[in-house]
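Shown next: protein-v5.cif, given as mmCIF, C-alpha atoms.
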data_upload
#
loop_
_atom_site.label_atom_id
_atom_site.label_comp_id
_atom_site.auth_asym_id
_atom_site.auth_seq_id
_atom_site.Cartn_x
_atom_site.Cartn_y
_atom_site.Cartn_z
CA MET A 1 -5.88 -14.11 5.58
CA ILE A 2 -5.75 -14.66 1.81
CA GLY A 3 -4.79 -12.38 -1.09
CA HIS A 4 -1.36 -11.03 -0.16
CA LYS A 5 1.88 -12.19 -1.74
CA ARG A 6 4.10 -13.18 1.17
CA VAL A 7 4.32 -12.14 4.80
CA PRO A 8 6.16 -10.89 6.67
CA SER A 9 7.44 -8.55 3.97
CA ARG A 10 7.16 -5.03 2.57
CA GLU A 11 6.55 -6.14 -1.03
CA GLY A 12 3.51 -3.88 -1.08
CA GLY A 13 0.94 -2.16 1.08
CA VAL A 14 -1.32 -5.23 1.21
CA GLU A 15 1.47 -7.29 2.74
CA VAL A 16 2.14 -4.69 5.42
CA VAL A 17 -1.56 -4.45 6.31
CA VAL A 18 -2.04 -8.23 6.47
CA TRP A 19 0.96 -8.66 8.74
CA GLU A 20 0.10 -5.79 11.09
CA LEU A 21 -3.42 -7.19 11.49
CA ALA A 22 -2.32 -10.80 11.85
CA VAL A 23 0.37 -10.23 14.49
CA ARG A 24 -1.84 -8.02 16.63
CA MET A 25 -4.82 -10.39 16.40
CA ALA A 26 -2.59 -13.30 17.38
CA ALA A 27 -1.31 -11.30 20.36
CA LEU A 28 -4.93 -10.88 21.46
CA GLY A 29 -5.35 -14.66 21.52
CA HIS A 30 -6.90 -15.31 18.11
CA GLN A 31 -5.65 -18.07 15.83
CA VAL A 32 -4.56 -16.43 12.58
CA ASP A 33 -3.41 -18.27 9.46
CA CYS A 34 -1.87 -16.39 6.52
CA TYR A 35 -1.84 -18.11 3.14
CA ASN A 36 1.38 -17.07 1.39
CA ARG A 37 2.00 -17.35 -2.34
CA ARG A 38 4.97 -19.57 -3.07
CA GLU A 39 6.24 -19.07 -6.60
CA PRO A 40 8.66 -21.47 -8.31
CA GLY A 41 12.11 -21.31 -6.69
CA ALA A 42 10.95 -19.28 -3.67
CA PRO A 43 11.95 -20.48 -0.19
CA ALA A 44 9.34 -22.06 2.06
CA SER A 45 7.75 -19.93 4.77
CA PRO A 46 8.42 -20.81 8.40
CA GLU A 47 5.52 -22.66 9.98
CA ILE A 48 5.00 -20.08 12.73
CA CYS A 49 6.16 -16.45 12.92
CA GLU A 50 5.27 -14.11 15.79
CA GLY A 51 2.33 -16.33 16.73
CA VAL A 52 0.91 -16.41 13.18
CA ARG A 53 0.74 -19.66 11.22
CA LEU A 54 2.06 -19.32 7.65
CA ILE A 55 0.73 -21.68 4.99
CA ASP A 56 2.37 -21.79 1.55
CA VAL A 57 0.17 -22.09 -1.53
CA PRO A 58 1.80 -22.78 -4.92
CA ALA A 59 1.47 -19.99 -7.46
CA PRO A 60 2.72 -19.92 -11.06
CA GLY A 61 5.53 -17.53 -11.94
CA ARG A 62 3.51 -16.13 -14.83
CA ILE A 63 2.02 -12.86 -13.58
CA SER A 64 -1.20 -13.17 -15.61
CA LEU A 65 -2.13 -16.39 -13.76
CA ASN A 66 -0.39 -15.86 -10.43
CA ALA A 67 -3.11 -14.20 -8.34
CA PHE A 68 -6.01 -16.19 -9.79
CA VAL A 69 -4.45 -19.64 -9.35
CA TYR A 70 -3.13 -18.83 -5.88
CA ALA A 71 -6.44 -17.38 -4.68
CA ALA A 72 -8.45 -20.33 -5.99
CA LEU A 73 -6.16 -22.87 -4.33
CA ALA A 74 -5.95 -20.90 -1.09
CA VAL A 75 -9.72 -20.46 -0.72
CA ILE A 76 -10.40 -24.12 -1.56
CA ARG A 77 -7.86 -25.18 1.04
CA ALA A 78 -9.13 -22.73 3.65
CA ALA A 79 -12.75 -23.72 3.10
CA SER A 80 -12.10 -27.14 4.64
CA ARG A 81 -10.32 -25.89 7.76
CA GLY A 82 -13.26 -24.76 9.88
CA TYR A 83 -12.37 -21.08 10.13
CA ASP A 84 -14.77 -18.67 11.80
CA VAL A 85 -13.94 -16.02 9.17
CA ILE A 86 -12.02 -15.95 5.89
CA HIS A 87 -10.59 -12.51 5.16
CA ILE A 88 -9.68 -11.93 1.51
CA HIS A 89 -7.47 -8.96 0.65
CA ALA A 90 -7.54 -7.12 -2.72
CA ALA A 91 -10.04 -7.20 -5.56
CA GLY A 92 -8.37 -9.85 -7.74
CA PRO A 93 -8.41 -12.63 -5.11
CA GLY A 94 -11.89 -11.36 -4.15
CA ALA A 95 -13.25 -13.22 -7.18
CA MET A 96 -13.09 -16.33 -4.97
CA ALA A 97 -15.43 -14.85 -2.32
CA PHE A 98 -18.34 -16.81 -3.79
CA LEU A 99 -16.98 -20.14 -2.52
CA PRO A 100 -16.99 -19.43 1.25
CA ARG A 101 -20.42 -17.86 0.78
CA LEU A 102 -21.75 -21.04 -0.90
CA LEU A 103 -20.34 -23.10 1.97
CA GLY A 104 -21.81 -20.84 4.62
CA ILE A 105 -18.44 -19.54 5.87
CA PRO A 106 -18.38 -15.84 6.82
CA VAL A 107 -16.16 -13.96 4.36
CA VAL A 108 -14.82 -10.42 4.62
CA VAL A 109 -13.13 -8.69 1.67
CA THR A 110 -10.88 -5.65 1.90
CA ILE A 111 -10.65 -3.66 -1.34
CA HIS A 112 -7.25 -2.01 -0.91
CA GLY A 113 -7.62 0.02 -4.10
CA LEU A 114 -9.53 0.15 -7.37
CA ASP A 115 -7.06 -2.18 -9.04
CA TRP A 116 -8.70 -2.13 -12.47
CA ARG A 117 -7.60 1.50 -12.80
CA ARG A 118 -3.91 0.61 -12.63
CA GLU A 119 -2.05 1.45 -15.83
CA LYS A 120 -0.10 -1.81 -15.96
CA TRP A 121 -3.17 -3.90 -16.81
CA GLY A 122 -4.28 -4.59 -20.38
CA GLY A 123 -7.88 -4.88 -21.52
CA LEU A 124 -8.46 -8.52 -20.59
CA ALA A 125 -6.85 -8.17 -17.16
CA ARG A 126 -8.81 -5.00 -16.50
CA ARG A 127 -12.09 -6.71 -17.37
CA TYR A 128 -11.22 -9.59 -15.04
CA LEU A 129 -10.44 -7.19 -12.17
CA ILE A 130 -13.78 -5.43 -12.66
CA PHE A 131 -15.50 -8.84 -12.59
CA ALA A 132 -13.52 -9.83 -9.48
CA GLU A 133 -14.38 -6.58 -7.71
CA ARG A 134 -18.07 -7.00 -8.52
CA THR A 135 -18.04 -10.62 -7.31
CA ALA A 136 -16.25 -9.70 -4.09
CA VAL A 137 -18.63 -6.86 -3.28
CA ARG A 138 -21.73 -8.95 -3.97
CA CYS A 139 -20.61 -12.13 -2.19
CA ALA A 140 -18.82 -10.84 0.90
CA ASP A 141 -20.61 -10.61 4.22
CA ALA A 142 -18.70 -7.37 4.79
CA VAL A 143 -16.62 -5.12 2.55
CA ILE A 144 -13.83 -2.97 3.97
CA VAL A 145 -12.34 0.02 2.12
CA LEU A 146 -9.55 2.34 3.18
CA CYS A 147 -10.89 5.78 2.30
CA GLU A 148 -14.09 7.76 1.97
CA SER A 149 -13.91 8.12 -1.84
CA HIS A 150 -13.90 4.31 -2.17
CA ARG A 151 -16.85 4.03 0.19
CA ARG A 152 -18.80 6.43 -2.05
CA TYR A 153 -17.70 4.42 -5.09
CA MET A 154 -19.07 1.17 -3.60
CA ARG A 155 -22.36 2.85 -2.78
CA GLU A 156 -22.79 4.50 -6.17
CA ARG A 157 -21.58 1.61 -8.35
CA TYR A 158 -22.91 -1.41 -6.45
CA GLY A 159 -25.38 -0.03 -3.95
CA ARG A 160 -23.23 -1.57 -1.19
CA GLU A 161 -22.42 0.08 2.11
CA ALA A 162 -18.74 -0.61 2.80
CA VAL A 163 -16.96 -0.13 6.11
CA ARG A 164 -14.18 2.45 6.04
CA ILE A 165 -11.13 1.39 8.05
CA PRO A 166 -8.07 3.45 7.08
CA ASN A 167 -4.60 1.95 7.30
CA GLY A 168 -2.58 2.34 10.44
CA VAL A 169 0.95 3.64 10.61
CA THR A 170 3.94 2.31 12.52
CA ALA A 171 5.83 5.26 13.94
CA VAL A 172 9.23 5.50 12.25
CA GLN A 173 12.06 5.85 14.72
CA ASN A 174 14.04 9.05 14.20
CA ARG A 175 17.51 8.15 12.95
CA SER A 176 20.62 10.07 12.03
CA PRO A 177 21.72 9.72 8.37
CA ARG A 178 24.53 7.23 8.99
CA GLU A 179 23.94 4.35 6.60
CA ILE A 180 22.54 6.56 3.83
CA GLU A 181 25.57 8.80 4.14
CA ARG A 182 27.86 5.79 3.80
CA ARG A 183 25.96 4.38 0.81
CA TRP A 184 24.99 7.46 -1.15
CA GLY A 185 26.64 10.48 0.48
CA LEU A 186 23.32 11.84 1.82
CA HIS A 187 23.69 14.10 4.85
CA GLY A 188 20.08 14.86 5.69
CA GLY A 189 17.89 17.64 4.26
CA ASP A 190 19.76 17.43 0.96
CA TYR A 191 17.45 15.16 -1.06
CA ILE A 192 13.91 14.66 -2.36
CA LEU A 193 12.51 11.17 -1.79
CA PHE A 194 10.18 8.73 -3.54
CA VAL A 195 9.34 5.43 -1.81
CA GLY A 196 7.27 2.77 -3.53
CA ARG A 197 7.04 0.08 -6.16
CA LEU A 198 8.31 1.02 -9.61
CA VAL A 199 5.08 0.43 -11.52
CA PRO A 200 3.33 2.70 -14.06
CA GLU A 201 0.60 4.00 -11.74
CA LYS A 202 3.21 5.48 -9.41
CA ARG A 203 4.09 7.95 -12.23
CA VAL A 204 7.76 8.16 -11.30
CA GLN A 205 8.51 9.36 -14.84
CA ASP A 206 6.61 12.58 -14.01
CA LEU A 207 8.81 13.08 -10.96
CA ILE A 208 12.04 12.59 -12.95
CA ARG A 209 10.88 15.01 -15.67
CA ALA A 210 9.83 17.60 -13.09
CA TYR A 211 13.08 17.26 -11.18
CA GLY A 212 15.14 17.46 -14.37
CA GLY A 213 13.93 21.02 -14.89
CA MET A 214 14.91 22.14 -11.39
CA ARG A 215 18.16 23.96 -10.70
CA THR A 216 18.78 22.58 -7.24
CA PRO A 217 21.71 20.98 -5.42
CA LYS A 218 19.26 18.65 -3.71
CA ARG A 219 19.42 15.12 -5.05
CA LEU A 220 16.47 12.89 -5.96
CA VAL A 221 16.36 9.46 -4.31
CA ILE A 222 14.12 6.83 -5.89
CA THR A 223 13.56 3.56 -4.06
CA GLY A 224 11.97 0.43 -5.50
CA ARG A 225 13.04 -2.90 -6.91
CA ILE A 226 14.20 -2.65 -10.54
CA ALA A 227 12.19 -5.46 -12.10
CA GLY A 228 10.10 -5.25 -15.24
CA ALA A 229 10.07 -3.02 -18.30
CA TYR A 230 8.74 0.07 -16.55
CA ALA A 231 11.31 -0.09 -13.74
CA ARG A 232 14.11 -0.52 -16.25
CA GLU A 233 12.86 2.54 -18.16
CA ILE A 234 12.87 4.55 -14.93
CA ALA A 235 16.46 3.43 -14.26
CA ARG A 236 17.43 4.49 -17.79
CA MET A 237 15.87 7.94 -17.29
CA ALA A 238 17.65 8.28 -13.95
CA ARG A 239 21.06 7.59 -15.50
CA GLU A 240 20.68 10.75 -17.58
CA ASP A 241 20.88 12.93 -14.46
CA GLU A 242 23.84 12.32 -12.16
CA ARG A 243 21.99 13.92 -9.26
CA ILE A 244 19.49 11.02 -9.14
CA VAL A 245 20.10 8.07 -6.82
CA MET A 246 18.44 4.74 -7.67
CA ALA A 247 18.38 3.11 -4.24
CA ASP A 248 16.66 -0.15 -5.24
CA PHE A 249 14.43 -1.83 -2.63
CA VAL A 250 15.08 -0.64 0.93
CA SER A 251 13.56 -1.53 4.28
CA GLY A 252 14.32 -1.45 7.99
CA GLU A 253 16.82 1.08 9.30
CA VAL A 254 17.82 2.30 5.84
CA LEU A 255 14.22 3.13 4.96
CA SER A 256 13.78 4.86 8.32
CA GLU A 257 16.88 6.98 7.71
CA LEU A 258 15.66 7.96 4.26
CA LEU A 259 12.20 8.94 5.51
CA CYS A 260 13.38 10.86 8.57
CA ASN A 261 16.04 12.92 6.82
CA CYS A 262 14.55 13.90 3.45
CA ALA A 263 13.83 17.52 2.59
CA LEU A 264 10.65 16.54 0.75
CA TYR A 265 8.70 13.32 0.20
CA VAL A 266 6.87 13.12 -3.15
CA LEU A 267 4.09 10.74 -4.22
CA PRO A 268 3.03 11.44 -7.84
CA SER A 269 0.75 8.38 -8.26
CA SER A 270 -2.37 8.12 -10.39
CA VAL A 271 -3.92 5.27 -8.36
CA GLU A 272 -3.70 4.52 -4.63
CA GLY A 273 -5.59 2.82 -1.85
CA MET A 274 -4.07 4.53 1.16
CA ALA A 275 -0.32 4.87 0.72
CA LEU A 276 1.52 3.54 3.76
CA SER A 277 4.75 5.25 2.73
CA LEU A 278 2.93 8.60 2.76
CA LEU A 279 1.58 7.96 6.26
CA GLU A 280 5.07 6.93 7.39
CA ALA A 281 6.63 10.06 5.91
CA MET A 282 4.01 12.22 7.59
CA SER A 283 4.63 10.44 10.90
CA CYS A 284 8.30 11.48 10.62
CA GLY A 285 7.26 15.10 10.42
CA VAL A 286 8.69 15.70 6.93
CA ARG A 287 6.95 17.86 4.36
CA CYS A 288 5.03 15.91 1.71
CA LEU A 289 3.83 16.66 -1.82
CA VAL A 290 1.26 14.38 -3.47
CA SER A 291 -0.81 14.12 -6.62
CA ASP A 292 -4.33 15.45 -6.15
CA ILE A 293 -6.18 12.13 -6.38
CA PRO A 294 -8.81 11.80 -3.60
CA GLU A 295 -6.97 8.94 -1.85
CA ASN A 296 -3.81 11.03 -1.38
CA VAL A 297 -5.62 14.22 -0.40
CA GLU A 298 -7.68 12.36 2.22
CA ALA A 299 -4.61 10.69 3.69
CA GLY A 300 -2.82 14.07 3.77
CA ALA A 301 -5.55 15.51 6.01
CA GLY A 302 -4.66 19.12 5.20
CA PHE A 303 -0.97 18.81 6.08
CA VAL A 304 0.39 17.97 2.62
CA LYS A 305 0.44 20.00 -0.57
CA ALA A 306 -1.00 18.61 -3.80
CA PHE A 307 -0.43 19.11 -7.54
CA GLU A 308 -2.49 18.17 -10.57
CA GLN A 309 -1.86 14.49 -11.21
CA GLY A 310 0.06 13.78 -14.42
CA ASP A 311 1.29 17.38 -14.86
CA ALA A 312 5.09 17.40 -14.56
CA ASP A 313 5.25 21.19 -14.88
CA ALA A 314 2.82 21.62 -11.97
CA LEU A 315 4.84 19.12 -9.96
CA ARG A 316 8.06 21.07 -10.62
CA THR A 317 6.42 24.36 -9.60
CA GLN A 318 5.07 22.87 -6.39
CA MET A 319 8.37 21.20 -5.47
CA CYS A 320 10.21 24.51 -5.84
CA ALA A 321 7.56 26.42 -3.88
CA TRP A 322 7.28 23.86 -1.08
CA LEU A 323 11.04 23.66 -0.63
CA ALA A 324 11.24 27.46 -0.46
CA GLU A 325 8.73 27.67 2.39
CA PRO A 326 9.93 27.47 5.99
CA TRP A 327 9.20 24.13 7.66
CA THR A 328 9.21 24.67 11.39
CA ARG A 329 9.63 22.14 14.15
CA GLU A 330 6.13 23.07 15.37
CA LYS A 331 4.57 22.23 11.98
CA ALA A 332 6.47 18.96 11.79
CA SER A 333 5.44 17.96 15.31
CA ARG A 334 1.78 18.79 14.73
CA GLN A 335 1.70 16.74 11.51
CA ALA A 336 3.43 13.73 13.09
CA ARG A 337 1.19 13.78 16.14
CA SER A 338 -1.97 14.05 14.05
CA VAL A 339 -1.19 11.13 11.74
CA ARG A 340 -0.19 8.87 14.62
CA GLU A 341 -3.41 9.65 16.49
CA ARG A 342 -5.62 9.10 13.43
CA HIS A 343 -3.88 5.94 12.19
CA SER A 344 -3.40 3.58 15.12
CA TRP A 345 -2.89 -0.08 14.16
CA ASP A 346 -4.43 -1.15 17.46
CA ALA A 347 -7.59 0.79 16.59
CA VAL A 348 -7.60 -0.76 13.10
CA VAL A 349 -7.44 -4.25 14.62
CA ILE A 350 -10.28 -3.59 17.05
CA ARG A 351 -12.50 -2.23 14.27
CA THR A 352 -11.64 -5.16 11.98
CA LEU A 353 -12.52 -7.68 14.68
CA GLU A 354 -15.87 -5.90 15.10
CA VAL A 355 -16.46 -6.36 11.36
CA TYR A 356 -15.67 -10.08 11.74
CA GLU A 357 -18.18 -10.42 14.56
CA GLU A 358 -20.87 -8.66 12.52
CA ALA A 359 -20.12 -10.90 9.52
CA VAL A 360 -20.53 -13.99 11.69
CA ARG A 361 -23.85 -12.68 13.06
CA ARG A 362 -25.13 -12.01 9.56
CA ARG A 363 -24.13 -15.44 8.31
CA THR A 364 -25.66 -17.13 11.36
CA ALA A 365 -28.90 -15.17 10.98
CA SER A 366 -29.22 -16.06 7.29
CA SER A 367 -28.54 -19.79 7.72
#
Can you give me the file's structure in the form of structure tokens?
Amino acid sequence: MIGHKRVPSREGGVEVVVWELAVRMAALGHQVDCYNRREPGAPASPEICEGVRLIDVPAPGRISLNAFVYAALAVIRAASRGYDVIHIHAAGPGAMAFLPRLLGIPVVVTIHGLDWRREKWGGLARRYLIFAERTAVRCADAVIVLCESHRRYMRERYGREAVRIPNGVTAVQNRSPREIERRWGLHGGDYILFVGRLVPEKRVQDLIRAYGGMRTPKRLVITGRIAGAYAREIARMAREDERIVMADFVSGEVLSELLCNCALYVLPSSVEGMALSLLEAMSCGVRCLVSDIPENVEAGAGFVKAFEQGDADALRTQMCAWLAEPWTREKASRQARSVRERHSWDAVVIRTLEVYEEAVRRRTASS
């Protein structure tokens, strides 16, 4: 596995997916190596974790070079290790898919999202990501995408038939609001929740503006590590409204408490692959409101409500309307049951292993 930042972690959706796949494949008896990025000053990874071997690859601290340098070094190193399959995650690292192909090693690429659409990238970075995506799609023995709209995109733009394997979801254990009450005075049902990275494409500024115009005693809880100019601007906006809680990065029991006890989960993003936090919120049986991009609507499967992406007024109207509607235990149970049945990690692993086997057959047949 190559392309993630560091596992095990919840730094992003890619990291969660890589780890869920790796641990389950190892439990089935496969040897799985994950190539972690190790930036300057970061601690070394343990050699083995839950049956998965972790291999550190140096990566520069400079964000513009980080993914490229890491991916190049990781693929070069992996190419000499005799793997049956190299699985590259994300479009940027996918630029290196040409090397295993040249060496006759089966390579699978998962495009977790159309990264070149993300607002944080400038012109040069965006052009590189388009190049990387094109290289990955053309060189990989198999391409995996997370949703149907991305499968159509691959067919229409590149003439490539991708395999759709949606993300799984780990059922969140129902927890009483103990730690969140101690930390932030949250009692359950008295707050609106955002969970995710504080980056421009998440459009958290729209959520703060929409919430600012609401006359509600419910608080707004925003999670996410405060790092970078955008995150600092979000923190500044939040300080202007005393009802807003900036919870920083959360995981484990605290994240479970926040998800299980919120009155409403909101995802206002402009770009997604398949948001794991949305699937987790749905699995808790809480009501969810998302932007109307195809990736969110598909993941919502008819259970969530949607608003026009980028329209803070529409978001405010929908938040007020959704909170005013009754949310019964029967609705919550039906939503939770549906998402857990449709998004099984065990099923994701089985389907991914089938893709590996097909990639090996294709490579063997062409050699």
Closest atom pairs, region 42-91 of chain A residues within 8 Å of region 2-22 of chain A, all atoms listed in the file, as a Markdown table:
| residue | atom | partner | partner_atom | distance |
| --- | --- | --- | --- | --- |
| A:Val52 | CA | A:Ala22 | CA | 6.6 |
| A:Ala67 | CA | A:Gly3 | CA | 7.7 |
| A:Ala71 | CA | A:Gly3 | CA | 6.4 |
| A:Ala74 | CA | A:Ile2 | CA | 6.9 |
| A:Val75 | CA | A:Ile2 | CA | 7.5 |
| A:Ile86 | CA | A:Ile2 | CA | 7.6 |
| A:His87 | CA | A:Ile2 | CA | 6.3 |
| A:Ile88 | CA | A:Ile2 | CA | 4.8 |
| A:His89 | CA | A:Gly3 | CA | 4.7 |
| A:Ala90 | CA | A:Gly3 | CA | 6.2 |
### Task
Run the PyMOL selection byres ((chain A and resi 293) around 8) mentally over the shown coordinates, then write out the matched residues as a PyMOL selection string, using the chain letters and numbers from the document.
chain A and resi 270-271+291-292+294-297+309
### Message
Please enumerate the residues selected by the PyMOL selection byres ((chain A and resi 110-127) around 7) when evaluated against the supplied file, formatted as a list in words.
### Response
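After applying the PyMOL selection byres ((chain A and resi 110-127) around 7), what remains is Ile88, His89, Ala90, Ala91, Val108, Val109, Tyr128, Leu129, Ile130, Phe131, Val143, Ile144, Val145, Leu146, Pro200, Glu201, Val271, Glu272 and Gly273 of chain A.
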### Residue with smallest distance to Ala162 (chain A) - pool A:Val355, A:Arg232, A:Tyr211, A:Gln205, counting all atoms listed in the file
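Using all atoms listed in the file, Ala162 (chain A) sits closest to A:Val355.
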### Task
Could you give me, as a VMD selection string, the residues that sit within 9 Å of (4.4, 0.6, 15.3) in the file's coordinates, counting all atoms listed in the file?
chain A and resid 20 168 to 172 344 to 345
